[in-house]
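One file, query22.cif, is given below (mmCIF, C-alpha atoms and all ligand atoms).
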```cif
data_target
#
loop_
_atom_site.group_PDB
_atom_site.id
_atom_site.type_symbol
_atom_site.label_atom_id
_atom_site.label_comp_id
_atom_site.auth_asym_id
_atom_site.auth_seq_id
_atom_site.Cartn_x
_atom_site.Cartn_y
_atom_site.Cartn_z
ATOM 1 C CA MET A 27 45.527 5.019 -72.305
ATOM 2 C CA GLN A 28 44.552 5.779 -68.735
ATOM 3 C CA ARG A 29 41.074 5.390 -67.347
ATOM 4 C CA ILE A 30 39.566 7.298 -64.422
ATOM 5 C CA ARG A 31 36.216 6.259 -62.970
ATOM 6 C CA VAL A 32 34.085 9.079 -61.642
ATOM 7 C CA ILE A 33 30.656 9.532 -60.128
ATOM 8 C CA ASP A 34 28.884 12.838 -60.627
ATOM 9 C CA SER A 35 26.298 14.351 -58.338
ATOM 10 C CA HIS A 36 24.884 17.749 -57.649
ATOM 11 C CA THR A 37 24.332 19.314 -54.264
ATOM 12 C CA GLU A 38 21.563 21.895 -54.382
ATOM 13 C CA GLY A 39 22.462 22.474 -58.045
ATOM 14 C CA GLU A 40 26.273 22.572 -57.728
ATOM 15 C CA PRO A 41 28.121 19.615 -59.304
ATOM 16 C CA THR A 42 30.697 17.358 -57.632
ATOM 17 C CA ARG A 43 32.723 14.813 -59.599
ATOM 18 C CA VAL A 44 34.214 12.182 -57.291
ATOM 19 C CA ILE A 45 37.164 10.121 -58.540
ATOM 20 C CA ILE A 46 36.584 6.578 -57.347
ATOM 21 C CA GLU A 47 39.315 4.803 -59.330
ATOM 22 C CA GLY A 48 42.355 5.684 -61.414
ATOM 23 C CA GLY A 49 43.293 9.001 -59.794
ATOM 24 C CA PRO A 50 46.917 9.974 -59.094
ATOM 25 C CA ASP A 51 48.685 8.301 -56.160
ATOM 26 C CA LEU A 52 49.653 11.154 -53.826
ATOM 27 C CA GLY A 53 51.579 8.929 -51.388
ATOM 28 C CA GLY A 54 51.419 9.465 -47.622
ATOM 29 C CA GLY A 55 51.666 12.378 -45.241
ATOM 30 C CA SER A 56 49.169 14.941 -44.044
ATOM 31 C CA LEU A 57 46.285 15.944 -46.280
ATOM 32 C CA ALA A 58 47.848 19.422 -46.547
ATOM 33 C CA GLU A 59 51.091 17.862 -47.848
ATOM 34 C CA ARG A 60 49.165 15.709 -50.300
ATOM 35 C CA ARG A 61 47.208 18.765 -51.489
ATOM 36 C CA THR A 62 50.558 20.451 -52.280
ATOM 37 C CA ARG A 63 51.718 17.294 -54.087
ATOM 38 C CA LEU A 64 48.550 17.304 -56.191
ATOM 39 C CA GLN A 65 49.187 20.971 -57.076
ATOM 40 C CA GLN A 66 52.874 20.550 -57.846
ATOM 41 C CA GLN A 67 53.138 17.126 -59.448
ATOM 42 C CA PHE A 68 49.715 16.060 -60.674
ATOM 43 C CA ASP A 69 47.925 19.249 -61.635
ATOM 44 C CA ARG A 70 47.194 17.899 -65.110
ATOM 45 C CA TYR A 71 44.924 15.242 -63.554
ATOM 46 C CA ARG A 72 42.919 18.003 -61.867
ATOM 47 C CA SER A 73 42.518 19.733 -65.206
ATOM 48 C CA ALA A 74 41.714 16.510 -67.089
ATOM 49 C CA VAL A 75 38.881 15.668 -64.694
ATOM 50 C CA VAL A 76 37.077 19.006 -64.306
ATOM 51 C CA ASN A 77 38.040 21.212 -67.233
ATOM 52 C CA GLU A 78 36.615 21.142 -70.745
ATOM 53 C CA PRO A 79 36.231 19.089 -72.871
ATOM 54 C CA ARG A 80 35.161 16.535 -70.211
ATOM 55 C CA GLY A 81 33.961 18.992 -67.577
ATOM 56 C CA SER A 82 33.234 22.697 -67.264
ATOM 57 C CA ASP A 83 34.216 25.662 -65.081
ATOM 58 C CA VAL A 84 31.396 24.822 -62.696
ATOM 59 C CA PHE A 85 32.624 21.349 -61.682
ATOM 60 C CA VAL A 86 34.235 20.702 -58.330
ATOM 61 C CA GLY A 87 36.285 17.506 -58.281
ATOM 62 C CA ALA A 88 36.989 15.322 -55.255
ATOM 63 C CA LEU A 89 39.940 12.977 -54.996
ATOM 64 C CA LEU A 90 39.422 10.323 -52.324
ATOM 65 C CA VAL A 91 42.622 9.438 -50.470
ATOM 66 C CA PRO A 92 43.402 7.262 -47.459
ATOM 67 C CA PRO A 93 43.053 9.399 -44.307
ATOM 68 C CA ASP A 94 46.093 10.248 -42.197
ATOM 69 C CA ASP A 95 43.913 10.584 -39.083
ATOM 70 C CA PRO A 96 42.808 7.048 -38.063
ATOM 71 C CA SER A 97 39.506 8.397 -36.689
ATOM 72 C CA CYS A 98 38.438 9.377 -40.220
ATOM 73 C CA ALA A 99 36.563 7.123 -42.650
ATOM 74 C CA ALA A 100 38.071 8.857 -45.693
ATOM 75 C CA GLY A 101 40.302 11.685 -46.806
ATOM 76 C CA VAL A 102 39.343 14.025 -49.619
ATOM 77 C CA ILE A 103 41.037 16.776 -51.589
ATOM 78 C CA PHE A 104 38.686 19.088 -53.484
ATOM 79 C CA PHE A 105 39.667 20.914 -56.654
ATOM 80 C CA ASN A 106 38.136 23.104 -59.324
ATOM 81 C CA ASN A 107 38.886 24.651 -62.717
ATOM 82 C CA VAL A 108 41.907 26.598 -61.440
ATOM 83 C CA GLY A 109 43.335 24.759 -58.424
ATOM 84 C CA THR A 110 42.585 23.025 -55.152
ATOM 85 C CA LEU A 111 40.243 24.040 -52.325
ATOM 86 C CA GLY A 112 40.794 23.835 -48.567
ATOM 87 C CA MET A 113 37.330 22.494 -47.877
ATOM 88 C CA CYS A 114 34.093 22.322 -49.788
ATOM 89 C CA GLY A 115 30.699 22.054 -48.098
ATOM 90 C CA HIS A 116 28.576 21.143 -51.096
ATOM 91 C CA GLY A 117 31.387 18.797 -52.197
ATOM 92 C CA THR A 118 31.413 16.986 -48.838
ATOM 93 C CA ILE A 119 27.659 16.420 -49.147
ATOM 94 C CA GLY A 120 28.271 15.141 -52.696
ATOM 95 C CA VAL A 121 31.049 12.792 -51.520
ATOM 96 C CA VAL A 122 28.818 11.340 -48.784
ATOM 97 C CA ALA A 123 25.905 10.845 -51.215
ATOM 98 C CA THR A 124 28.317 9.170 -53.650
ATOM 99 C CA LEU A 125 29.772 6.823 -51.011
ATOM 100 C CA ALA A 126 26.233 5.971 -49.862
ATOM 101 C CA TYR A 127 25.243 5.265 -53.498
ATOM 102 C CA LEU A 128 28.223 2.901 -53.744
ATOM 103 C CA GLY A 129 27.155 1.175 -50.512
ATOM 104 C CA ARG A 130 30.387 2.259 -48.802
ATOM 105 C CA LEU A 131 28.743 4.462 -46.165
ATOM 106 C CA LYS A 132 25.718 3.877 -43.966
ATOM 107 C CA THR A 133 23.492 6.357 -42.156
ATOM 108 C CA GLY A 134 25.141 7.961 -39.140
ATOM 109 C CA GLN A 135 28.177 10.101 -38.476
ATOM 110 C CA HIS A 136 31.494 9.761 -40.313
ATOM 111 C CA ARG A 137 34.649 11.826 -39.955
ATOM 112 C CA ILE A 138 36.226 12.993 -43.174
ATOM 113 C CA GLU A 139 39.705 14.491 -43.367
ATOM 114 C CA THR A 140 40.412 17.517 -45.560
ATOM 115 C CA PRO A 141 43.568 19.595 -46.006
ATOM 116 C CA VAL A 142 42.245 22.184 -43.518
ATOM 117 C CA GLY A 143 41.064 19.732 -40.865
ATOM 118 C CA ALA A 144 38.629 16.931 -40.178
ATOM 119 C CA VAL A 145 34.895 17.488 -40.564
ATOM 120 C CA THR A 146 32.052 15.245 -39.429
ATOM 121 C CA ALA A 147 29.407 14.345 -41.978
ATOM 122 C CA GLU A 148 26.116 12.849 -40.898
ATOM 123 C CA LEU A 149 24.090 10.877 -43.417
ATOM 124 C CA HIS A 150 20.432 11.078 -42.366
ATOM 125 C CA GLU A 151 17.758 8.435 -43.082
ATOM 126 C CA SER A 152 16.149 10.931 -45.461
ATOM 127 C CA GLY A 153 19.335 11.025 -47.557
ATOM 128 C CA ASP A 154 20.137 14.572 -46.426
ATOM 129 C CA VAL A 155 23.647 15.193 -45.185
ATOM 130 C CA SER A 156 24.770 17.490 -42.360
ATOM 131 C CA VAL A 157 28.356 18.675 -42.303
ATOM 132 C CA HIS A 158 29.930 19.767 -39.018
ATOM 133 C CA ASN A 159 32.526 22.013 -40.560
ATOM 134 C CA VAL A 160 35.938 23.181 -39.401
ATOM 135 C CA SER A 161 35.944 26.024 -36.855
ATOM 136 C CA SER A 162 35.043 29.266 -38.565
ATOM 137 C CA TYR A 163 35.671 32.887 -37.671
ATOM 138 C CA ARG A 164 35.731 36.490 -38.795
ATOM 139 C CA LEU A 165 39.129 38.057 -39.340
ATOM 140 C CA ALA A 166 38.024 41.634 -40.140
ATOM 141 C CA LYS A 167 34.689 43.442 -39.896
ATOM 142 C CA ASP A 168 33.219 46.172 -42.130
ATOM 143 C CA VAL A 169 36.133 46.455 -44.524
ATOM 144 C CA ALA A 170 35.300 49.119 -47.129
ATOM 145 C CA VAL A 171 36.683 48.865 -50.660
ATOM 146 C CA ASP A 172 36.284 51.327 -53.545
ATOM 147 C CA VAL A 173 36.029 49.311 -56.731
ATOM 148 C CA ASP A 174 36.780 51.196 -59.965
ATOM 149 C CA GLY A 175 33.632 51.548 -62.047
ATOM 150 C CA TYR A 176 31.393 49.850 -59.464
ATOM 151 C CA GLY A 177 31.485 52.012 -56.326
ATOM 152 C CA ARG A 178 32.042 51.278 -52.645
ATOM 153 C CA PHE A 179 31.397 47.896 -51.017
ATOM 154 C CA SER A 180 31.645 47.008 -47.384
ATOM 155 C CA GLY A 181 32.105 43.487 -46.078
ATOM 156 C CA ASP A 182 33.690 41.075 -43.631
ATOM 157 C CA VAL A 183 36.742 38.894 -44.205
ATOM 158 C CA ALA A 184 35.918 35.470 -42.793
ATOM 159 C CA TRP A 185 37.080 31.842 -42.797
ATOM 160 C CA GLY A 186 34.723 28.899 -43.272
ATOM 161 C CA GLY A 187 37.254 26.394 -44.693
ATOM 162 C CA ASN A 188 38.076 28.830 -47.523
ATOM 163 C CA TRP A 189 38.582 32.619 -47.374
ATOM 164 C CA PHE A 190 35.585 34.833 -48.073
ATOM 165 C CA PHE A 191 34.752 38.487 -48.490
ATOM 166 C CA LEU A 192 31.126 38.684 -47.339
ATOM 167 C CA VAL A 193 29.469 41.782 -48.764
ATOM 168 C CA ASN A 194 26.408 43.110 -46.987
ATOM 169 C CA GLN A 195 26.200 46.575 -48.488
ATOM 170 C CA HIS A 196 25.726 46.784 -52.247
ATOM 171 C CA GLN A 197 23.212 47.912 -54.857
ATOM 172 C CA GLU A 198 23.093 44.703 -56.915
ATOM 173 C CA THR A 199 20.011 42.645 -57.779
ATOM 174 C CA LEU A 200 20.410 39.014 -56.717
ATOM 175 C CA GLU A 201 18.530 37.298 -59.545
ATOM 176 C CA LEU A 202 19.597 34.405 -61.747
ATOM 177 C CA SER A 203 18.950 36.575 -64.821
ATOM 178 C CA ASN A 204 21.636 38.969 -63.511
ATOM 179 C CA VAL A 205 24.534 36.508 -63.037
ATOM 180 C CA GLU A 206 26.751 38.058 -65.710
ATOM 181 C CA ARG A 207 26.687 41.408 -63.963
ATOM 182 C CA LEU A 208 27.079 39.764 -60.525
ATOM 183 C CA THR A 209 30.108 37.849 -61.807
ATOM 184 C CA GLU A 210 31.664 41.069 -63.165
ATOM 185 C CA VAL A 211 31.099 42.975 -59.931
ATOM 186 C CA THR A 212 32.379 40.259 -57.590
ATOM 187 C CA TRP A 213 35.393 39.600 -59.818
ATOM 188 C CA ALA A 214 36.225 43.313 -59.684
ATOM 189 C CA ILE A 215 35.866 43.232 -55.869
ATOM 190 C CA ARG A 216 38.206 40.242 -55.672
ATOM 191 C CA GLN A 217 40.816 41.957 -57.853
ATOM 192 C CA THR A 218 40.569 45.134 -55.768
ATOM 193 C CA LEU A 219 41.066 43.198 -52.534
ATOM 194 C CA GLU A 220 44.207 41.641 -54.000
ATOM 195 C CA ALA A 221 45.507 44.948 -55.348
ATOM 196 C CA LYS A 222 44.999 46.605 -51.943
ATOM 197 C CA GLY A 223 46.704 43.742 -50.090
ATOM 198 C CA ILE A 224 43.535 42.766 -48.196
ATOM 199 C CA THR A 225 43.986 39.085 -47.421
ATOM 200 C CA GLY A 226 42.999 36.248 -45.173
ATOM 201 C CA ARG A 227 45.291 35.060 -42.367
ATOM 202 C CA ASP A 228 49.008 34.799 -43.230
ATOM 203 C CA GLY A 229 48.488 36.631 -46.509
ATOM 204 C CA ALA A 230 46.097 34.030 -47.933
ATOM 205 C CA VAL A 231 44.279 35.179 -51.073
ATOM 206 C CA ILE A 232 40.574 35.864 -50.542
ATOM 207 C CA ASP A 233 39.337 33.814 -53.464
ATOM 208 C CA HIS A 234 35.596 33.674 -52.733
ATOM 209 C CA VAL A 235 33.383 36.775 -52.798
ATOM 210 C CA GLU A 236 29.797 36.599 -51.623
ATOM 211 C CA LEU A 237 26.934 39.089 -51.936
ATOM 212 C CA PHE A 238 23.896 38.854 -49.655
ATOM 213 C CA GLY A 239 20.374 40.143 -50.166
ATOM 214 C CA PRO A 240 16.773 39.534 -49.142
ATOM 215 C CA PRO A 241 15.452 35.997 -49.784
ATOM 216 C CA THR A 242 12.944 35.178 -52.494
ATOM 217 C CA ARG A 243 12.013 31.732 -51.142
ATOM 218 C CA ALA A 244 9.543 31.336 -48.323
ATOM 219 C CA GLY A 245 11.275 30.460 -45.069
ATOM 220 C CA ALA A 246 14.750 31.556 -46.162
ATOM 221 C CA ASP A 247 16.680 34.125 -44.117
ATOM 222 C CA SER A 248 18.895 35.406 -46.901
ATOM 223 C CA LYS A 249 19.833 34.867 -50.550
ATOM 224 C CA ASN A 250 23.395 34.910 -51.864
ATOM 225 C CA PHE A 251 25.592 35.013 -54.928
ATOM 226 C CA VAL A 252 28.973 33.340 -54.492
ATOM 227 C CA LEU A 253 31.906 33.872 -56.815
ATOM 228 C CA CYS A 254 34.292 30.901 -56.746
ATOM 229 C CA PRO A 255 38.075 31.096 -57.364
ATOM 230 C CA GLY A 256 37.935 30.281 -61.103
ATOM 231 C CA LYS A 257 35.170 32.853 -61.847
ATOM 232 C CA ALA A 258 32.297 30.348 -61.849
ATOM 233 C CA TYR A 259 29.439 31.058 -59.453
ATOM 234 C CA ASP A 260 28.219 28.544 -56.921
ATOM 235 C CA ARG A 261 24.818 27.113 -57.807
ATOM 236 C CA SER A 262 24.434 25.942 -54.200
ATOM 237 C CA PRO A 263 24.364 28.371 -51.246
ATOM 238 C CA CYS A 264 28.046 27.392 -50.626
ATOM 239 C CA GLY A 265 28.773 25.352 -47.522
ATOM 240 C CA THR A 266 32.016 27.066 -46.556
ATOM 241 C CA GLY A 267 30.507 30.482 -47.381
ATOM 242 C CA THR A 268 27.417 29.811 -45.270
ATOM 243 C CA SER A 269 29.763 28.687 -42.479
ATOM 244 C CA ALA A 270 31.748 31.937 -42.697
ATOM 245 C CA LYS A 271 28.505 33.950 -42.757
ATOM 246 C CA MET A 272 27.043 32.166 -39.726
ATOM 247 C CA ALA A 273 30.303 32.730 -37.806
ATOM 248 C CA CYS A 274 29.972 36.480 -38.456
ATOM 249 C CA LEU A 275 26.285 36.483 -37.479
ATOM 250 C CA TYR A 276 27.149 34.663 -34.255
ATOM 251 C CA GLU A 277 29.927 37.146 -33.462
ATOM 252 C CA ASP A 278 27.463 40.014 -34.087
ATOM 253 C CA GLY A 279 24.983 38.465 -31.640
ATOM 254 C CA LYS A 280 22.485 37.908 -34.477
ATOM 255 C CA LEU A 281 22.575 34.089 -34.561
ATOM 256 C CA PRO A 282 22.597 32.470 -31.114
ATOM 257 C CA GLU A 283 24.030 28.965 -30.813
ATOM 258 C CA GLY A 284 21.643 26.339 -32.235
ATOM 259 C CA THR A 285 19.377 28.834 -34.038
ATOM 260 C CA LEU A 286 18.444 27.828 -37.584
ATOM 261 C CA TRP A 287 19.791 29.875 -40.527
ATOM 262 C CA ARG A 288 18.356 29.139 -43.972
ATOM 263 C CA GLN A 289 20.562 30.319 -46.804
ATOM 264 C CA GLU A 290 19.057 30.498 -50.295
ATOM 265 C CA SER A 291 21.344 30.324 -53.339
ATOM 266 C CA ILE A 292 21.161 32.378 -56.493
ATOM 267 C CA VAL A 293 19.322 29.470 -58.210
ATOM 268 C CA GLY A 294 16.809 29.158 -55.345
ATOM 269 C CA SER A 295 18.238 26.071 -53.634
ATOM 270 C CA MET A 296 18.780 26.054 -49.877
ATOM 271 C CA PHE A 297 21.107 25.002 -47.059
ATOM 272 C CA GLU A 298 19.929 24.959 -43.472
ATOM 273 C CA GLY A 299 22.530 25.670 -40.850
ATOM 274 C CA HIS A 300 23.315 26.606 -37.296
ATOM 275 C CA VAL A 301 26.407 27.057 -35.173
ATOM 276 C CA ASN A 302 27.625 25.075 -32.182
ATOM 277 C CA ILE A 303 30.267 26.359 -29.805
ATOM 278 C CA VAL A 304 32.900 23.661 -29.402
ATOM 279 C CA ASP A 305 36.002 24.281 -27.253
ATOM 280 C CA LYS A 306 35.192 28.015 -27.428
ATOM 281 C CA THR A 307 35.299 27.992 -31.231
ATOM 282 C CA ILE A 308 32.428 28.461 -33.666
ATOM 283 C CA GLN A 309 31.619 25.187 -35.387
ATOM 284 C CA PRO A 310 29.065 25.661 -38.183
ATOM 285 C CA VAL A 311 26.787 22.852 -39.302
ATOM 286 C CA ILE A 312 25.186 22.921 -42.745
ATOM 287 C CA ARG A 313 22.564 20.545 -44.081
ATOM 288 C CA GLY A 314 21.551 19.851 -47.672
ATOM 289 C CA SER A 315 20.985 17.079 -50.172
ATOM 290 C CA ALA A 316 22.845 15.694 -53.157
ATOM 291 C CA TYR A 317 21.722 13.450 -56.012
ATOM 292 C CA VAL A 318 23.961 11.152 -58.020
ATOM 293 C CA ASN A 319 23.341 11.865 -61.694
ATOM 294 C CA ALA A 320 26.085 10.086 -63.681
ATOM 295 C CA GLU A 321 28.686 7.344 -63.582
ATOM 296 C CA ALA A 322 31.455 7.556 -66.134
ATOM 297 C CA THR A 323 34.878 6.343 -67.150
ATOM 298 C CA LEU A 324 37.102 9.168 -68.362
ATOM 299 C CA ILE A 325 39.558 8.117 -71.051
ATOM 300 C CA LEU A 326 42.947 9.847 -71.077
ATOM 301 C CA ASP A 327 44.442 9.281 -74.516
ATOM 302 C CA GLU A 328 47.800 11.070 -74.902
ATOM 303 C CA ARG A 329 47.210 11.381 -78.670
ATOM 304 C CA ASP A 330 44.342 13.737 -77.857
ATOM 305 C CA PRO A 331 45.705 17.326 -77.805
ATOM 306 C CA TYR A 332 43.157 18.135 -75.082
ATOM 307 C CA CYS A 333 43.756 14.950 -73.098
ATOM 308 C CA TRP A 334 44.688 17.021 -70.008
ATOM 309 C CA GLY A 335 41.894 19.536 -70.404
ATOM 310 C CA ILE A 336 41.797 23.041 -71.818
ATOM 311 C CA ARG A 337 43.664 25.320 -69.411
HETATM 312 O O1 LIG B 401 30.089 24.509 -50.825
HETATM 313 O O2 LIG B 401 31.890 25.144 -49.760
HETATM 314 C C1 LIG B 401 31.247 25.010 -50.782
HETATM 315 C C2 LIG B 401 31.837 25.442 -52.058
HETATM 316 C C3 LIG B 401 33.039 26.055 -52.247
HETATM 317 C C4 LIG B 401 33.173 26.264 -53.624
HETATM 318 C C5 LIG B 401 32.050 25.768 -54.238
HETATM 319 N N1 LIG B 401 31.240 25.264 -53.264
#
```
Take the structure from the file and write it as structure tokens.
Ligand code: PYC
Amino acid sequence: MQRIRVIDSHTEGEPTRVIIEGGPDLGGGSLAERRTRLQQQFDRYRSAVVNEPRGSDVFVGALLVPPDDPSCAAGVIFFNNVGTLGMCGHGTIGVVATLAYLGRLKTGQHRIETPVGAVTAELHESGDVSVHNVSSYRLAKDVAVDVDGYGRFSGDVAWGGNWFFLVNQHQETLELSNVERLTEVTWAIRQTLEAKGITGRDGAVIDHVELFGPPTRAGADSKNFVLCPGKAYDRSPCGTGTSAKMACLYEDGKLPEGTLWRQESIVGSMFEGHVNIVDKTIQPVIRGSAYVNAEATLILDERDPYCWGIR
């Protein structure tokens, strides 16, 4: 039997399960190489940790690995119910809260390496965490797609550590009671983008689709619904999605450098953010809080037909 120790937290409602012991040994090399190794050789560990019967479609897992970049305190590879992620904003906040809970991280700034670059996470005295994300940008503006059965949607293709289609024009109601419909619509948009060959840079699949609407919470600038790659929706406002959105707002002249943007999620939680211009690139910063809510040892018993998760 194998044992994997995990710590669970949620960041603004979205869960993160951090593996702190017993995960697969991915060897050395860049984080991008180790992400590929996780996908190709150890995918069953990903499934065992986040999929049913131990997890659910909503979980994002985080495998801590030694960093390749000596300036980083840790390396991390994020994964979900269907694969790995380039970066994860809510997950980075969850990792920092988890390391602080374990006494492995103190307040202040810490660099964390991910497969798409190093980010800087700042643990504040209050327990909040700010993430200075990878440089973000818009690849294509006002892309219109006709989605069978749902009508026409127009949005931007943008990078915030993952690829997003950010939809500004739609007729949908952004309410928690409407998530089934929102999931259907955004899934149909994603499939249409793929069918029409609309991609991120170098043909990358756009695997996150985000709808925006007016906020319901006082002080928020916008409310969103974010479809994640495995068809679950993000309970948090999505760190990489908010980064992509703020990059587009900056490029449109609607969010000057340093100006606060408050993004409400579909469940009513919030990230605060702004952009900094660093070496002529847009570097988004998002701030939120995470709470540790479980410590567990997962037991992998090969006699169990669902030992490696239901996939
Ligand atoms: O916060 O970046 C994020 C994220 C990506 C997928 C789920 N959450």
Open item on the list: I'd like to see the residues matched by the PyMOL selection byres (((not hetatm)) within 10 of (chain B and resi 401)) on this file, and ideally I'd get them as a ChimeraX atom specification.
Closed with: /A:37-38,40-42,84-86,104-106,111-120,159,186-189,233-234,252-256,258-270,297,312
TODO: Kindly resolve the PyMOL selection byres (((chain A and resi 218) around 12) and not hetatm) on the present coordinates and return the residues as a list in words.
DONE: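 That selection, the PyMOL selection byres (((chain A and resi 218) around 12) and not hetatm), comes back as Ala170, Val171, Asp172, Val173, Asp174, Gly175, Tyr176, Gly177, Arg178, Phe179, Phe191, Val211, Thr212, Trp213, Ala214, Ile215, Arg216, Gln217, Leu219, Glu220, Ala221, Lys222, Gly223, Ile224, Thr225, Val231, Ile232, Asp233 and Val235 of chain A.
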Open item on the list: Which residues are close to range 304-309 of chain A, i.e. within 9 Å by only C-alpha atoms, leaving aside same-chain residues fewer than 4 positions away? Reply as a PyMOL selection string.
Closed with: chain A and resi 158-163+269+272-273+276+283+300
Task: 10 Å contact set for range 95-97 of chain A, all atoms listed in the file, chain neighbours under 3 positions out, as number ranges by chain - done: A: 56-57, 92, 100-101, 136-139, 143-144
- [ ] Starting from the shown file, work through the PyMOL selection byres (((chain A and resi 289) around 6) and not hetatm) and note down what comes out as a list in words.
- [x]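 Output of the PyMOL selection byres (((chain A and resi 289) around 6) and not hetatm): Ala246, Ser248, Lys249, Arg288, Glu290, Met296 and Phe297 of chain A.
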- [ ] Calculate how many Å separate CA of Leu128 in chain A from CA of Tyr317 in chain A, rounding to one decimal.
- [x]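 Interatomic distance here is 12.6 Å.
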Open item on the list: Using Å and a single decimal, report how far CA of Gly294 in chain A sits from CA of Arg72 in chain A.
Closed with: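 Taking CA of Arg72 in chain A as the start and CA of Gly294 in chain A as the end point, the length is 29.1 Å.
Separating CA of Gly314 in chain A from CA of Cys98 in chain A is a distance of 21.2 Å.
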Open item on the list: Could you check the closest approach to Lys257 in chain A for each of A:Asp278, A:Glu206, A:Asp69, A:Glu298 and tell me which residue wins, using all atoms listed in the file?
Closed with: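 Using all atoms listed in the file, Lys257 in chain A sits closest to A:Glu206.
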Open item on the list: Taking (32.2, 9.5, -71.7) in the coordinates of the supplied file, I want to know which residues reach to within 12 Å of it, counting all atoms listed in the file; could you give the answer as a ChimeraX atom specification?
Closed with: /A:29-33,75,79-81,320-326
Output, as lines of an AutoDock Vina configuration file, the centre and edge lengths in Å (one decimal) of the axis-aligned box that contains all listed atoms of range 237-244 of chain A with 8 Å of margin on each side.
```
center_x = 18.2
center_y = 35.7
center_z = -50.4
size_x = 33.4
size_y = 24.8
size_z = 20.2
```
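With only C-alpha atoms as the atoms that count, the residue of A:Val44, A:Val311, A:Val318, A:Leu202 with the shortest distance to Glu148 in chain A is A:Val311.
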TODO: Identify which of the residues A:Trp185, A:Trp334, A:Phe251, A:Ser152 lies closest to Pro310 in chain A, counting all atoms listed in the file when measuring atom-to-atom distances.
DONE: A:Trp185
TODO: Would you list the contacts of Val183 in chain A as a VMD selection string, taking every protein, DNA or RNA residue within 7 Å and counting all atoms listed in the file, but skipping same-chain residues closer than 5 positions in sequence?
DONE: chain A and resid 164 to 167 190 to 192 226
Task: Distance criterion (all atoms listed in the file): nearest to Ile292 in chain A out of A:Val205, A:Leu275, A:Ala88, A:Ala230 - done: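 Of A:Val205, A:Leu275, A:Ala88, A:Ala230, the one nearest Ile292 in chain A, counting all atoms listed in the file, is A:Val205.
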Open item on the list: Report as a ChimeraX atom specification all protein, DNA and RNA residues lying within 8 Å of Leu89 in chain A, evaluated on only C-alpha atoms, omitting residues in the same chain fewer than 2 positions from it.
Closed with: /A:44-46,49,87,91,102-104
- [ ] Check the smallest atom-to-atom distance from each of A:Pro282, A:Gly109, A:Pro240, A:Gly55 to Val76 in chain A using only C-alpha atoms, then report the winner.
- [x] A:Gly109
